Every structure is written in C-alpha cells, then in structure tokens.
Amino acid sequence: MRWPVLLWLGLLIPAGGCRNCDLVEAELRTKDKELRHLKDELQNTKLYNQALQTELQSLRPVSVAPLSPELASQTYTLKDIALGRQTGGYDDGSGPGDAALQVVVEPHDPDGHAIKAPGTLFVEVLQITPEGLKTPLNSWQIPPEQLRKNWRSGLLSTGYQLVLPWKVQPTYSKLRVTARLTLSDGRVFEADKDVTIRLPTPAEPKPGPVLVPMEPVPVIPEPDFPLFMPRKIETHKPNEPTNLPRQEETGKAIQSTSWLRIEAIPLPETVRLLPPTPSP
C-alpha cells in the first residue's frame with residue numbers, strides 16, 4: 001500500500017506545479033502589456049511637450065542670458081506693489097529732524113520677484129493727528145522718465161527709491177504714505193504704509209536789545225483864540241441905502257451885504273516888523 005500512495009503523490013506534484021506556472025506567466029504577460037502602454041503614453045507626452053516648446057520659442061524667442069528688469073516687466077505680468085522698509089523720514093544732515101521723505105516702491109511679479117515695471121508714480125502723504133484725524137499734507141507725481149532713473153538694487157530692498165523734499169513742513173510725527181503706480185495700459189496698483197518721522201526742533205529766540213523806558217514828554221497846550229459870534233447878514237433892496245458898520249479896532253468881523261471879511265488880530269507889543277537893512 002505504501003508504493004501506490006507514493007506513486008500517486010508523485011503524479012500530483014508536477015500537475016500542480018504546471019498550473020502555478022501558467023498563472024504566473026499570464027500575470028507577467030499582463031504586466032508586460034501595461035508597461036508597453038505606459039511607455040507609449042510617456043513618449044507621446046514628451047513629443048507633445050517638445051511641440052509646445054517649439055511653438056513658444058517661435059512666438060517669443062528666449063535668450064540664455066538672465067532677463068533684465070525692463071524685459072522681465074514686459075514678459076511677466078505685474079501682480080502688486082509694496083512699500084519697502086526704508087520708507088520714512090530722510091535726514092540729509094543739514095539740521096535736526098528729517099528734511100525730506102524717502103519712498104521705496106517694490107513692484108512684484110506673480111512669483112514675488114521685484115521687476116522694473118514702467119509707469120507713472122503718484123505719492124500722497126497724510127499726517128495723523130493725536131485724535132486720529134488724517135489731513136492732506138504733501139503730494140508728488142513722478143513721470144515714467146524720472147521714475148526709471150531711480151531704480152536701485154540692493155541687499156535690503158530692490159525697487160524705485162525716491163527722496164522727496166517737503167513742500168509743507170509736517171507738524172505731527174505720524175504720517176500715512178500712499179503710493180499709486182499707473183502702468184501704460186491703464187492698470188493701477190496701490191500700496192500704503194504708516195511711518196514715523198523726526199520733527200525739527202524749533203530754534204530758540206535770540207535775545208534782543210534792552211529797551212529803556214523814556215520819560216514822558218510834556219504836551220504844551222495850544223493857546224485858545226476867541227471865536228466871534230456870527231452875525232446875521234442883512235439884505236436890502238436895490239435902491240435902498242445900506243448902513244455898513246464901521247471897522248472896529250478890536251479886530252472884529254465887518255459885515256456887508258454880499259461877503260464877510262475878518263480882520264486880522266493885532267499882534268502883541270513884543271512883536272514888530274522892521275524894514276530890511278542892507279548887509280555890510
């Protein structure tokens with residue numbers, strides 16, 4: 001009985017192994033088909049990318065050298081602008097306090113890089129009172145030609161750096177700075193920032209000359225001259241004789257029918273008019 005059992009087991013083992021080999025081979029053939037399909041799709045994708053790159057180069061040639069800020073501003077779209085950390089008061093060393101306002105405008109592309117976007121810049125400054133009120137103080141408008149000359153690239157910030165002298169001296173240290181960039185195609189970008197400046201200290205008044213009070217000057221009253229009482233002028237008819245009053249020695253007025261003449265008051269005894277004498 002032992003030999004027939006062993007013979008039967010020997011026949012079953014090869015049959016089971018053959019069935020396992022068929023399953024493995026079928027799985028391998030399926031994987032091989034999927035791999036060839038993926039390779040074909042990858043090749044088609046590479047060819048499609050090459051076609052797109054060729055079309056892009058024909059429409060816009062790209063050089064190997066890095067793009068300049070001017071070319072980058074025309075190639076890529078401007079996303080926003082920001083005021084740099086150096087925006088604030090500017091001390092030129094002429095005296096105490098800030099003599100001007102320094103504004104740093106940074107135009108950014110969609111990747112956050114600074115680009116030299118051409119346009120017209122308008123800067124407005126409002127001063128903030130202790131009560132929180134904002135009143136207009138100064139404003140400047142910079143044309144594209146002047147703005148292009150003020151592009152600066154540095155470690156701290158890269159953008160348009162402007163020094164704007166005060167038109168009206170601020171009276172409060174807190175200011176609101178607003179920058180508005182208008183591109184040639186009409187798009188407008190705006191950014192604002194609150195800054196604190198140093199106000200100039202008022203100069204101390206210089207001592208003036210010492211004024212000594214003067215003694216009052218006595219006022220001599222003018223002599224009062226007697227006023228004469230007005231007399232009524234008598235009218236007469238054409239053929240009626242008139243009785244004219246005679247002249248009095250006291251210098252009183254003489255009345256007539258048509259006019260009134262006042263005689264001069266006689267001078268005192270101490271004043272006399274002498275005839276001129278020839279000089280020797």
# chains A, B, ... in the order shown; residues from 1 in each chain; ligands from 1
call {"tool": "select_by_dssp", "arguments": {"residues": "segment 33-198 of chain A", "states": "strand (DSSP E)", "output": "VMD selection string"}}
result
chain A and resid 80 to 83 88 to 90 100 to 108 120 to 128 134 to 142 151 to 153 158 to 165 174 to 182 188 to 196
call {"tool": "residues_around", "arguments": {"residues": "Leu155 of chain A", "least_positions_apart": "5", "cutoff": "12 Å", "atoms": "only C-alpha atoms", "output": "list in words"}}
result
Gly84, Arg85 and Gln86 of chain A
call {"tool": "closest_residue", "arguments": {"among": "A:Ala82, A:Leu147, A:Leu199, A:Ala51", "to": "His113 of chain A", "atoms": "only C-alpha atoms"}}
result
A:Ala82
call {"tool": "closest_atom_pairs", "arguments": {"of": "segment 25-110 of chain A", "to": "segment 175-193 of chain A", "cutoff": "12 Å", "atoms": "only C-alpha atoms", "output": "Markdown table"}}
result
| residue | atom | partner | partner_atom | distance |
| --- | --- | --- | --- | --- |
| A:Ser73 | CA | A:Leu183 | CA | 10.7 |
| A:Gln74 | CA | A:Ser184 | CA | 11.1 |
| A:Thr77 | CA | A:Arg187 | CA | 11.2 |
| A:Leu78 | CA | A:Phe189 | CA | 9.1 |
| A:Lys79 | CA | A:Phe189 | CA | 8.5 |
| A:Asp80 | CA | A:Phe189 | CA | 6.2 |
| A:Ile81 | CA | A:Ala191 | CA | 6.3 |
| A:Ala82 | CA | A:Ala191 | CA | 5.6 |
| A:Leu83 | CA | A:Ala191 | CA | 6.6 |
| A:Gly84 | CA | A:Lys193 | CA | 9.3 |
| A:Arg85 | CA | A:Lys193 | CA | 9.7 |
| A:Gln86 | CA | A:Lys193 | CA | 11.2 |
| A:Thr87 | CA | A:Lys193 | CA | 8.4 |
| A:Gly88 | CA | A:Val177 | CA | 8.6 |
| A:Gly89 | CA | A:Leu175 | CA | 9.8 |
| A:Leu101 | CA | A:Val177 | CA | 9.5 |
| A:Gln102 | CA | A:Val177 | CA | 10.1 |
| A:Val103 | CA | A:Val177 | CA | 8.4 |
| A:Val104 | CA | A:Ala179 | CA | 9.4 |
| A:Val105 | CA | A:Ala179 | CA | 7.6 |
| A:Glu106 | CA | A:Ala191 | CA | 9.8 |
| A:Pro107 | CA | A:Leu181 | CA | 9.0 |
| A:His108 | CA | A:Phe189 | CA | 10.7 |
call {"tool": "decode", "arguments": {"residues": "segment 140-182 of chain A", "atoms": "N, CA and C atoms", "output": "PDB file, in the first residue's frame"}}
result
ATOM      1  N   TRP A 140       3.193 114.291  -4.602  1.00  0.00           N
ATOM      2  CA  TRP A 140       4.168 114.383  -5.692  1.00  0.00           C
ATOM      3  C   TRP A 140       3.720 113.448  -6.818  1.00  0.00           C
ATOM      4  N   GLN A 141       4.033 113.820  -8.065  1.00  0.00           N
ATOM      5  CA  GLN A 141       3.778 112.976  -9.232  1.00  0.00           C
ATOM      6  C   GLN A 141       5.077 112.846 -10.016  1.00  0.00           C
ATOM      7  N   ILE A 142       5.529 111.601 -10.210  1.00  0.00           N
ATOM      8  CA  ILE A 142       6.803 111.321 -10.869  1.00  0.00           C
ATOM      9  C   ILE A 142       6.513 110.696 -12.233  1.00  0.00           C
ATOM     10  N   PRO A 143       6.926 111.322 -13.328  1.00  0.00           N
ATOM     11  CA  PRO A 143       6.671 110.757 -14.664  1.00  0.00           C
ATOM     12  C   PRO A 143       7.520 109.523 -14.912  1.00  0.00           C
ATOM     13  N   PRO A 144       7.210 108.729 -15.957  1.00  0.00           N
ATOM     14  CA  PRO A 144       7.968 107.492 -16.207  1.00  0.00           C
ATOM     15  C   PRO A 144       9.450 107.722 -16.467  1.00  0.00           C
ATOM     16  N   GLU A 145       9.819 108.834 -17.154  1.00  0.00           N
ATOM     17  CA  GLU A 145      11.234 109.075 -17.448  1.00  0.00           C
ATOM     18  C   GLU A 145      12.024 109.287 -16.171  1.00  0.00           C
ATOM     19  N   GLN A 146      11.494 110.079 -15.244  1.00  0.00           N
ATOM     20  CA  GLN A 146      12.202 110.312 -13.980  1.00  0.00           C
ATOM     21  C   GLN A 146      12.159 109.086 -13.076  1.00  0.00           C
ATOM     22  N   LEU A 147      11.064 108.339 -13.119  1.00  0.00           N
ATOM     23  CA  LEU A 147      10.957 107.144 -12.275  1.00  0.00           C
ATOM     24  C   LEU A 147      11.948 106.077 -12.703  1.00  0.00           C
ATOM     25  N   ARG A 148      12.193 105.930 -13.985  1.00  0.00           N
ATOM     26  CA  ARG A 148      13.115 104.905 -14.469  1.00  0.00           C
ATOM     27  C   ARG A 148      14.544 105.149 -13.991  1.00  0.00           C
ATOM     28  N   LYS A 149      14.929 106.412 -13.793  1.00  0.00           N
ATOM     29  CA  LYS A 149      16.291 106.728 -13.355  1.00  0.00           C
ATOM     30  C   LYS A 149      16.520 106.438 -11.872  1.00  0.00           C
ATOM     31  N   ASN A 150      15.469 106.199 -11.101  1.00  0.00           N
ATOM     32  CA  ASN A 150      15.597 105.987  -9.651  1.00  0.00           C
ATOM     33  C   ASN A 150      15.461 104.519  -9.265  1.00  0.00           C
ATOM     34  N   TRP A 151      15.728 103.587 -10.192  1.00  0.00           N
ATOM     35  CA  TRP A 151      15.707 102.166  -9.869  1.00  0.00           C
ATOM     36  C   TRP A 151      16.991 101.787  -9.156  1.00  0.00           C
ATOM     37  N   ARG A 152      16.887 101.116  -8.004  1.00  0.00           N
ATOM     38  CA  ARG A 152      18.037 100.709  -7.211  1.00  0.00           C
ATOM     39  C   ARG A 152      17.893  99.230  -6.849  1.00  0.00           C
ATOM     40  N   SER A 153      19.037  98.518  -6.898  1.00  0.00           N
ATOM     41  CA  SER A 153      19.086  97.107  -6.496  1.00  0.00           C
ATOM     42  C   SER A 153      20.064  96.970  -5.341  1.00  0.00           C
ATOM     43  N   GLY A 154      19.587  96.440  -4.218  1.00  0.00           N
ATOM     44  CA  GLY A 154      20.435  96.304  -3.035  1.00  0.00           C
ATOM     45  C   GLY A 154      20.082  95.068  -2.239  1.00  0.00           C
ATOM     46  N   LEU A 155      20.809  94.902  -1.130  1.00  0.00           N
ATOM     47  CA  LEU A 155      20.572  93.742  -0.276  1.00  0.00           C
ATOM     48  C   LEU A 155      19.285  93.872   0.517  1.00  0.00           C
ATOM     49  N   LEU A 156      18.989  95.101   0.994  1.00  0.00           N
ATOM     50  CA  LEU A 156      17.801  95.287   1.815  1.00  0.00           C
ATOM     51  C   LEU A 156      16.532  95.339   0.979  1.00  0.00           C
ATOM     52  N   SER A 157      16.571  96.047  -0.141  1.00  0.00           N
ATOM     53  CA  SER A 157      15.376  96.182  -0.977  1.00  0.00           C
ATOM     54  C   SER A 157      15.797  96.486  -2.400  1.00  0.00           C
ATOM     55  N   THR A 158      14.924  96.113  -3.334  1.00  0.00           N
ATOM     56  CA  THR A 158      15.130  96.375  -4.752  1.00  0.00           C
ATOM     57  C   THR A 158      13.858  97.001  -5.296  1.00  0.00           C
ATOM     58  N   GLY A 159      13.985  98.199  -5.862  1.00  0.00           N
ATOM     59  CA  GLY A 159      12.808  98.893  -6.383  1.00  0.00           C
ATOM     60  C   GLY A 159      13.139 100.331  -6.698  1.00  0.00           C
ATOM     61  N   TYR A 160      12.105 101.135  -6.816  1.00  0.00           N
ATOM     62  CA  TYR A 160      12.266 102.570  -7.074  1.00  0.00           C
ATOM     63  C   TYR A 160      12.481 103.280  -5.742  1.00  0.00           C
ATOM     64  N   GLN A 161      13.617 103.963  -5.632  1.00  0.00           N
ATOM     65  CA  GLN A 161      13.965 104.675  -4.405  1.00  0.00           C
ATOM     66  C   GLN A 161      13.967 106.167  -4.689  1.00  0.00           C
ATOM     67  N   LEU A 162      13.096 106.916  -3.998  1.00  0.00           N
ATOM     68  CA  LEU A 162      12.911 108.346  -4.239  1.00  0.00           C
ATOM     69  C   LEU A 162      13.086 109.115  -2.942  1.00  0.00           C
ATOM     70  N   VAL A 163      13.691 110.306  -3.050  1.00  0.00           N
ATOM     71  CA  VAL A 163      13.822 111.242  -1.931  1.00  0.00           C
ATOM     72  C   VAL A 163      13.037 112.489  -2.317  1.00  0.00           C
ATOM     73  N   LEU A 164      11.951 112.763  -1.597  1.00  0.00           N
ATOM     74  CA  LEU A 164      11.018 113.837  -1.930  1.00  0.00           C
ATOM     75  C   LEU A 164      11.099 114.910  -0.854  1.00  0.00           C
ATOM     76  N   PRO A 165      11.573 116.135  -1.192  1.00  0.00           N
ATOM     77  CA  PRO A 165      11.618 117.206  -0.195  1.00  0.00           C
ATOM     78  C   PRO A 165      10.206 117.640   0.207  1.00  0.00           C
ATOM     79  N   TRP A 166      10.100 118.138   1.430  1.00  0.00           N
ATOM     80  CA  TRP A 166       8.800 118.588   1.923  1.00  0.00           C
ATOM     81  C   TRP A 166       8.365 119.841   1.176  1.00  0.00           C
ATOM     82  N   LYS A 167       7.120 119.866   0.730  1.00  0.00           N
ATOM     83  CA  LYS A 167       6.517 121.101   0.237  1.00  0.00           C
ATOM     84  C   LYS A 167       5.921 121.898   1.387  1.00  0.00           C
ATOM     85  N   VAL A 168       5.304 121.204   2.308  1.00  0.00           N
ATOM     86  CA  VAL A 168       4.769 121.795   3.542  1.00  0.00           C
ATOM     87  C   VAL A 168       5.356 121.021   4.714  1.00  0.00           C
ATOM     88  N   GLN A 169       5.978 121.728   5.655  1.00  0.00           N
ATOM     89  CA  GLN A 169       6.621 121.069   6.780  1.00  0.00           C
ATOM     90  C   GLN A 169       5.576 120.395   7.675  1.00  0.00           C
ATOM     91  N   PRO A 170       5.720 119.110   7.981  1.00  0.00           N
ATOM     92  CA  PRO A 170       4.737 118.442   8.850  1.00  0.00           C
ATOM     93  C   PRO A 170       4.827 118.949  10.280  1.00  0.00           C
ATOM     94  N   THR A 171       3.682 118.912  10.932  1.00  0.00           N
ATOM     95  CA  THR A 171       3.606 119.317  12.340  1.00  0.00           C
ATOM     96  C   THR A 171       3.378 118.137  13.275  1.00  0.00           C
ATOM     97  N   TYR A 172       3.105 116.938  12.735  1.00  0.00           N
ATOM     98  CA  TYR A 172       2.925 115.728  13.530  1.00  0.00           C
ATOM     99  C   TYR A 172       3.891 114.663  13.027  1.00  0.00           C
ATOM    100  N   SER A 173       4.349 113.808  13.932  1.00  0.00           N
ATOM    101  CA  SER A 173       5.371 112.823  13.585  1.00  0.00           C
ATOM    102  C   SER A 173       4.806 111.604  12.870  1.00  0.00           C
ATOM    103  N   LYS A 174       3.533 111.289  13.022  1.00  0.00           N
ATOM    104  CA  LYS A 174       2.938 110.121  12.378  1.00  0.00           C
ATOM    105  C   LYS A 174       2.335 110.507  11.039  1.00  0.00           C
ATOM    106  N   LEU A 175       2.720 109.746   9.991  1.00  0.00           N
ATOM    107  CA  LEU A 175       2.269 110.035   8.635  1.00  0.00           C
ATOM    108  C   LEU A 175       1.748 108.755   7.984  1.00  0.00           C
ATOM    109  N   ARG A 176       0.827 108.919   7.043  1.00  0.00           N
ATOM    110  CA  ARG A 176       0.327 107.821   6.207  1.00  0.00           C
ATOM    111  C   ARG A 176       0.805 108.097   4.767  1.00  0.00           C
ATOM    112  N   VAL A 177       1.657 107.189   4.235  1.00  0.00           N
ATOM    113  CA  VAL A 177       2.225 107.332   2.897  1.00  0.00           C
ATOM    114  C   VAL A 177       1.470 106.392   1.961  1.00  0.00           C
ATOM    115  N   THR A 178       0.962 106.923   0.846  1.00  0.00           N
ATOM    116  CA  THR A 178       0.227 106.155  -0.159  1.00  0.00           C
ATOM    117  C   THR A 178       0.925 106.314  -1.502  1.00  0.00           C
ATOM    118  N   ALA A 179       1.273 105.187  -2.139  1.00  0.00           N
ATOM    119  CA  ALA A 179       1.917 105.176  -3.457  1.00  0.00           C
ATOM    120  C   ALA A 179       0.966 104.522  -4.449  1.00  0.00           C
ATOM    121  N   ARG A 180       0.802 105.180  -5.616  1.00  0.00           N
ATOM    122  CA  ARG A 180      -0.106 104.681  -6.653  1.00  0.00           C
ATOM    123  C   ARG A 180       0.665 104.643  -7.980  1.00  0.00           C
ATOM    124  N   LEU A 181       0.844 103.419  -8.533  1.00  0.00           N
ATOM    125  CA  LEU A 181       1.583 103.212  -9.783  1.00  0.00           C
ATOM    126  C   LEU A 181       0.587 102.934 -10.898  1.00  0.00           C
ATOM    127  N   THR A 182       0.632 103.770 -11.953  1.00  0.00           N
ATOM    128  CA  THR A 182      -0.247 103.623 -13.114  1.00  0.00           C
ATOM    129  C   THR A 182       0.583 103.169 -14.301  1.00  0.00           C
TER     130      THR A 182
END
